[in-house]
Amino acid sequence: MLNKQFFRYLHLLNEKYTKKPDYNLFRVLRSESDEVRLHSKFIYDLLDPLGGHNFKEKFIKQFLKQFSDYIDFDFNENLMVDREYQNIDILVRNGKTAIVIENKIYATDQEKQLSNYYKKMVDEGYQDIKLIYLTLTGYSPEEQSIEELPHKVKDSDLILASYESDIYSWISKCIEISARNAPLREACIQYLDIINKLTNKVEDQDHMDDLKELLLIDNNLSSLPVLFDAYNEVITDLQLDLWNKIALGIEEEFGEIHSDSVTKHDNPREQVKKYVENKRNSKYLSISSEITGYDNIYLHVEQENHIYFGVYCDKGNKSQEYIDIENKTKYFKNAYRWGSMPIGLYAEPQINFKNLTPEDLKYLSKEKNRQLFADNIVNMLKDIATTLSK
C-alpha cells in the first residue's frame with residue numbers, strides 16, 4: 001500500500017541519482033527548446049553528407065533506418081539535403097523522392113502548413129513524397145495544417161516521429177558511429193542530454209532498476225492506477241485554477257468573455273479534465289473577449305500544448321482588419337503570426353502542458369506562480385489593446 005514512506009523513498013532515489021547538469025554548450029548558446037537555431041540546425045548538419053562531421057552518408061542512412069517501414073530511399077541517386085528550402089525545416093531529396101521534415105518542439109502549426117509543403121513538392125515533380133512530422137512525443141499535426149492533404153497521404157505518407165524515441169535512438173547510434181571522433185561524439189552526447197531533459201527520460205539505468213524494485217515491494221504496483229487517477233485530478237485542479245485566474249483578469253480589464261470560453265462551459269472542470277486526459281476533440285482550451293471598436297475581433301488566450309495569446313480575427317488573415325492589426329503590432333518583441341491571429345505570443349514561462357516536467361509541476365503547484373502566470377498574460381493583452389486603440 002502506498003504511504004508517506006513510499007514517497008520519501010522516491011524522493012531519496014531522485015536525490016541520489018539526479019546530478020547537477022554537466023556543462024552543456026548547446027544549453028549555453030541556445031534555449032534548449034529552440035527548434036530552428038538549435039534542433040533543426042544540428043539535425044540538418046548530421047543529415048547532410050556535406051556537413052562538418054566528415055562521416056558522409058552514415059548519419060542520414062542511420063536516420064532513415066528509423067523509418068524503413070515507410071520510406072524506401074535510393075542513395076544511388078543524386079542526394080540533396082537542404083534546410084529552410086521553401087520554408088521547409090529540413091528537406092531530403094533524390095531524383096524522385098522528397099522527404100519533408102517538419103520540426104515542432106513547442107511552436108504551433110501554421111494554416112495549411114504541411115498541405116502547402118506537399119503541394120510544393122508535387123509542383124517540383126516529385127513522385128514519392130513523405131512528410132515526417134517531428135515532435136517531442138510523436139503527436140499528430142493540427143487539422144488546419146493537413147486539411148488539404150489527399151487521404152492517401154494522410155494514411156500512408158504522413159509519419160509521426162518523436163524526439164523521445166526516434167531522435168533519441170538515432171543520436172545514440174550517431175554516438176557509436178562517431179566513437180573515435182571525440183569532439184563530434186561529445187557534441188552528440190551533449191545533444192542527447194538536451195533530448196533527455198526535454199522528454200523527461202530517466203537516464204540512469206540503476207535509477208530505473210531501483211524504481212522498478214520499489215514498485216514490486218508489497219502492493220505498490222497494484223496501487224499505481226489509483227495514483228495515476230489522483231495525478232490527473234491534481235493536474236486538472238491546477239489548470240482549472242489557472243484558467244479561472246486568466247478569465248477573472250480578462251473580465252476585470254476588458255469586460256465579458258465569450259460564451260465559448262472554457263470557464264463559461266456548463267462544466268469547466270470536465271473540459272479541462274478531457275484536455276488533461278487527451279480525450280478526443282479536446283486538443284484546445286481557450287478564453288476570448290471581443291475588442292471594443294472592432295467587429296468579430298477578439299483578445300484570445302488558447303492552449304494547445306502551450307498557452308499562447310494575442311488577437312483572433314474571425315474573418316481570417318486576408319481581411320483588412322487582420323492586416324491593420326498586424327501593422328499596428330509588428331513592433332512587439334517575440335510575436336508571431338498564426339492563421340487567424342495577426343499577433344500571438346507564448347505565455348511565460350513556456351510550459352508544455354502535454355509534457356509536464358518536474359520543474360513545471362513544482363512551478364504550477366504554487367498558487368502565487370499561477371497568479372503571476374495569469375497576470376502576465378492579462379498585462380500583455382492590455383499592452384496589445386492599448387496599441388490597437390491608438
# chains A, B, ... in the order shown; residues from 1 in each chain; ligands from 1
call {"tool": "select_by_dssp", "arguments": {"residues": "range 67-228 of chain A", "states": "strand (DSSP E or B)", "output": "count of residues only"}}
result
32
call {"tool": "closest_atom_pairs", "arguments": {"of": "range 142-251 of chain A", "to": "range 123-133 of chain A", "cutoff": "10 Å", "atoms": "only C-alpha atoms", "output": "Markdown table"}}
result
| residue | atom | partner | partner_atom | distance |
| --- | --- | --- | --- | --- |
| A:Val153 | CA | A:Lys130 | CA | 8.0 |
| A:Lys154 | CA | A:Leu131 | CA | 9.1 |
| A:Ser156 | CA | A:Lys130 | CA | 8.6 |
| A:Asp157 | CA | A:Lys130 | CA | 4.9 |
| A:Leu158 | CA | A:Leu131 | CA | 4.8 |
| A:Ile159 | CA | A:Ile132 | CA | 4.7 |
| A:Leu160 | CA | A:Tyr133 | CA | 5.1 |
| A:Ala161 | CA | A:Tyr133 | CA | 5.9 |
| A:Ser162 | CA | A:Tyr133 | CA | 8.2 |
call {"tool": "closest_residue", "arguments": {"among": "A:Leu345, A:Ile384, A:Gln239, A:His265", "to": "Tyr363 in chain A", "atoms": "only C-alpha atoms"}}
result
A:Gln239
call {"tool": "closest_atom_pairs", "arguments": {"of": "range 136-235 of chain A", "to": "range 46-70 of chain A", "cutoff": "9 Å", "atoms": "only C-alpha atoms", "output": "Markdown table"}}
result
| residue | atom | partner | partner_atom | distance |
| --- | --- | --- | --- | --- |
| A:Ser156 | CA | A:Tyr70 | CA | 7.7 |
| A:Asp157 | CA | A:Tyr70 | CA | 7.3 |
| A:Ile159 | CA | A:Tyr70 | CA | 7.8 |
| A:Ala161 | CA | A:Phe67 | CA | 8.9 |
| A:Asp166 | CA | A:Gln66 | CA | 6.5 |
| A:Ile167 | CA | A:Phe63 | CA | 8.2 |
| A:Ser169 | CA | A:Gln66 | CA | 8.3 |
| A:Trp170 | CA | A:Phe63 | CA | 5.9 |
| A:Ile171 | CA | A:Phe63 | CA | 8.7 |
| A:Lys173 | CA | A:Gln62 | CA | 7.5 |
| A:Cys174 | CA | A:Phe59 | CA | 6.5 |
| A:Ile177 | CA | A:Lys58 | CA | 8.1 |
| A:Ser178 | CA | A:Phe55 | CA | 8.3 |
| A:Leu184 | CA | A:His53 | CA | 6.9 |
call {"tool": "write_last_selection", "arguments": {"atoms": "N, CA, C and O atoms", "output": "CSV table (one decimal), in the first residue's frame"}}
result
chain,number,residue,atom,x,y,z
A,156,SER,N,-0.8,7.1,-45.4
A,156,SER,CA,0.4,6.3,-45.5
A,156,SER,C,1.7,7.0,-45.7
A,156,SER,O,2.8,6.5,-45.6
A,157,ASP,N,1.6,8.3,-46.0
A,157,ASP,CA,2.8,9.1,-46.2
A,157,ASP,C,3.1,10.2,-45.2
A,157,ASP,O,4.1,10.9,-45.3
A,159,ILE,N,4.2,10.6,-41.5
A,159,ILE,CA,4.9,9.8,-40.5
A,159,ILE,C,5.1,10.6,-39.2
A,159,ILE,O,5.6,11.7,-39.2
A,161,ALA,N,6.9,11.2,-35.9
A,161,ALA,CA,8.2,10.9,-35.3
A,161,ALA,C,8.3,11.7,-34.0
A,161,ALA,O,7.7,12.7,-33.8
A,166,ASP,N,12.5,8.3,-31.6
A,166,ASP,CA,13.2,8.2,-32.9
A,166,ASP,C,14.6,9.0,-32.9
A,166,ASP,O,15.6,8.5,-33.2
A,167,ILE,N,14.5,10.3,-32.4
A,167,ILE,CA,15.7,11.1,-32.4
A,167,ILE,C,16.7,10.5,-31.3
A,167,ILE,O,17.9,10.5,-31.5
A,169,SER,N,17.0,7.5,-30.3
A,169,SER,CA,17.6,6.2,-30.8
A,169,SER,C,18.7,6.6,-31.9
A,169,SER,O,19.8,6.0,-31.9
A,170,TRP,N,18.3,7.5,-32.8
A,170,TRP,CA,19.3,7.9,-33.8
A,170,TRP,C,20.5,8.5,-33.3
A,170,TRP,O,21.6,8.2,-33.7
A,171,ILE,N,20.4,9.5,-32.4
A,171,ILE,CA,21.6,10.1,-31.8
A,171,ILE,C,22.4,9.1,-31.0
A,171,ILE,O,23.7,9.2,-31.0
A,173,LYS,N,22.9,6.1,-31.8
A,173,LYS,CA,23.6,5.4,-32.9
A,173,LYS,C,24.7,6.3,-33.4
A,173,LYS,O,25.8,5.8,-33.7
A,174,CYS,N,24.4,7.6,-33.5
A,174,CYS,CA,25.4,8.5,-34.0
A,174,CYS,C,26.6,8.6,-33.0
A,174,CYS,O,27.8,8.7,-33.5
A,177,ILE,N,28.7,5.6,-33.9
A,177,ILE,CA,29.4,5.8,-35.1
A,177,ILE,C,30.6,6.7,-35.0
A,177,ILE,O,31.7,6.5,-35.6
A,178,SER,N,30.4,7.8,-34.2
A,178,SER,CA,31.5,8.8,-34.0
A,178,SER,C,32.4,8.5,-32.8
A,178,SER,O,33.1,9.4,-32.4
A,184,LEU,N,33.0,15.3,-32.0
A,184,LEU,CA,31.7,15.0,-32.5
A,184,LEU,C,30.9,14.1,-31.6
A,184,LEU,O,29.7,14.3,-31.3
call {"tool": "residues_around", "arguments": {"residues": "range 330-340 of chain A", "least_positions_apart": "5", "cutoff": "7 Å", "atoms": "only C-alpha atoms", "output": "NGL selection string"}}
result
:A and (110-111 or 312-314 or 316-317 or 345)
call {"tool": "select_by_dssp", "arguments": {"residues": "range 148-382 of chain A", "states": "helix (DSSP H, G or I)", "output": "ChimeraX atom specification"}}
result
/A:151-157,163-177,182-199,205-216,220-254,262-264,268-276,320-328,358-364,367-382
call {"tool": "closest_residue", "arguments": {"among": "A:Tyr117, A:Tyr191, A:Tyr231, A:Tyr294", "to": "Ser389 in chain A", "atoms": "only C-alpha atoms"}}
result
A:Tyr294
call {"tool": "atom_distance", "arguments": {"atom1": "CA of Val81 in chain A", "atom2": "CA of Leu38 in chain A"}}
result
17.2 Å
call {"tool": "closest_residue", "arguments": {"among": "A:Lys366, A:Lys264, A:Lys274, A:Lys152", "to": "Ser289 in chain A", "atoms": "only C-alpha atoms"}}
result
A:Lys264
call {"tool": "residues_around", "arguments": {"residues": "range 378-383 of chain A", "least_positions_apart": "6", "cutoff": "8 Å", "atoms": "only C-alpha atoms", "output": "PyMOL selection string"}}
result
chain A and resi 246+249-250+253+299+309-310
call {"tool": "closest_residue", "arguments": {"among": "A:Tyr85, A:Tyr168, A:Tyr44, A:Tyr308", "to": "Ile287 in chain A", "atoms": "only C-alpha atoms"}}
result
A:Tyr308
call {"tool": "closest_atom_pairs", "arguments": {"of": "range 253-310 of chain A", "to": "range 135-148 of chain A", "cutoff": "12 Å", "atoms": "only C-alpha atoms", "output": "CSV"}}
result
residue,atom,partner,partner_atom,distance
A:Asn278,CA,A:Tyr139,CA,10.9
A:Asn281,CA,A:Glu143,CA,11.2
A:Lys283,CA,A:Glu142,CA,9.0
A:Tyr284,CA,A:Glu142,CA,10.5
A:Glu304,CA,A:Glu142,CA,9.6
A:Asn305,CA,A:Tyr139,CA,10.2
